[in-house]
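Structure first, commentary second.
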Amino acid sequence: MQMLREAWNNDVLLSMASSFCVGLGVGIALHAFFIPHPWAFLPLGVAMPLLWAGCALIGRAEVMRFERWERREWR
């Protein structure tokens, strides 16, 4: 449990996870351009939660970075 808490408080890991989620979401959303129209909403429905998760993770990383700066742990 401690390792999970430490990973949740690591802004670099959160930023990497955010990049992965956003990249995967954009990649899946781009598939909507290459499949027939009735099926185009399926990849968009999968991509939206991934994009939302990526934005949430980068927001959490920014909060952690700001808190670390306030505590002066960056030295």
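Just so we're on the same page: first chain in the structure tokens is A, next is B, and so on; residues restart at 1 for each chain, and ligands are numbered from 1 in the order they show up.
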
### Message
Going by DSSP on the backbone, which residues of chain A come out as alpha helix (DSSP H)? List them as a PyMOL selection string.
### Response
chain A and resi 2-8+11-30+41-71

Preceding selection exported with C-alpha atoms as a compact mmCIF listing (two decimals), in the first residue's frame:
```txt
# COMPACT_ATOMS: atom_id res chain seq x y z
CA GLN A 2 2.88 2.35 0.73
CA MET A 3 4.25 1.87 -2.80
CA LEU A 4 0.86 2.75 -4.28
CA ARG A 5 0.67 5.89 -2.13
CA GLU A 6 4.23 6.84 -3.14
CA ALA A 7 3.42 6.36 -6.84
CA TRP A 8 0.28 8.49 -6.46
CA ASP A 11 4.50 13.84 -10.18
CA VAL A 12 6.79 12.30 -12.82
CA LEU A 13 4.87 9.02 -12.82
CA LEU A 14 1.58 10.91 -12.93
CA SER A 15 2.81 12.94 -15.90
CA MET A 16 3.94 9.80 -17.72
CA ALA A 17 0.60 8.09 -17.07
CA SER A 18 -1.19 11.21 -18.29
CA SER A 19 0.80 11.22 -21.52
CA PHE A 20 0.05 7.56 -22.06
CA CYS A 21 -3.70 8.01 -21.50
CA VAL A 22 -3.92 11.06 -23.76
CA GLY A 23 -1.82 9.45 -26.49
CA LEU A 24 -3.86 6.26 -26.43
CA GLY A 25 -7.11 8.26 -26.39
CA VAL A 26 -6.07 10.35 -29.38
CA GLY A 27 -4.90 7.26 -31.24
CA ILE A 28 -8.20 5.50 -30.66
CA ALA A 29 -10.16 8.63 -31.60
CA LEU A 30 -8.28 8.86 -34.90
CA PHE A 41 -19.02 6.41 -32.15
CA LEU A 42 -17.49 3.33 -30.51
CA PRO A 43 -13.87 4.55 -30.61
CA LEU A 44 -14.98 8.03 -29.58
CA GLY A 45 -16.80 6.55 -26.59
CA VAL A 46 -13.63 4.71 -25.58
CA ALA A 47 -11.38 7.71 -26.19
CA MET A 48 -13.33 10.19 -24.08
CA PRO A 49 -12.72 8.44 -20.71
CA LEU A 50 -9.05 8.05 -21.61
CA LEU A 51 -8.75 11.75 -22.40
CA TRP A 52 -10.59 12.63 -19.19
CA ALA A 53 -8.28 10.38 -17.15
CA GLY A 54 -5.22 11.94 -18.79
CA CYS A 55 -6.41 15.43 -17.90
CA ALA A 56 -7.17 14.35 -14.32
CA LEU A 57 -3.73 12.80 -13.93
CA ILE A 58 -1.90 15.85 -15.25
CA GLY A 59 -3.96 18.01 -12.90
CA ARG A 60 -2.92 15.81 -9.97
CA ALA A 61 0.73 16.01 -11.07
CA GLU A 62 0.51 19.80 -11.15
CA VAL A 63 -0.94 19.88 -7.61
CA MET A 64 1.86 17.61 -6.38
CA ARG A 65 4.49 19.76 -8.09
CA PHE A 66 3.04 22.91 -6.51
CA GLU A 67 2.91 21.32 -3.05
CA ARG A 68 6.51 20.12 -3.35
CA TRP A 69 7.55 23.62 -4.36
CA GLU A 70 5.76 25.08 -1.34
CA ARG A 71 7.51 22.60 0.99
```
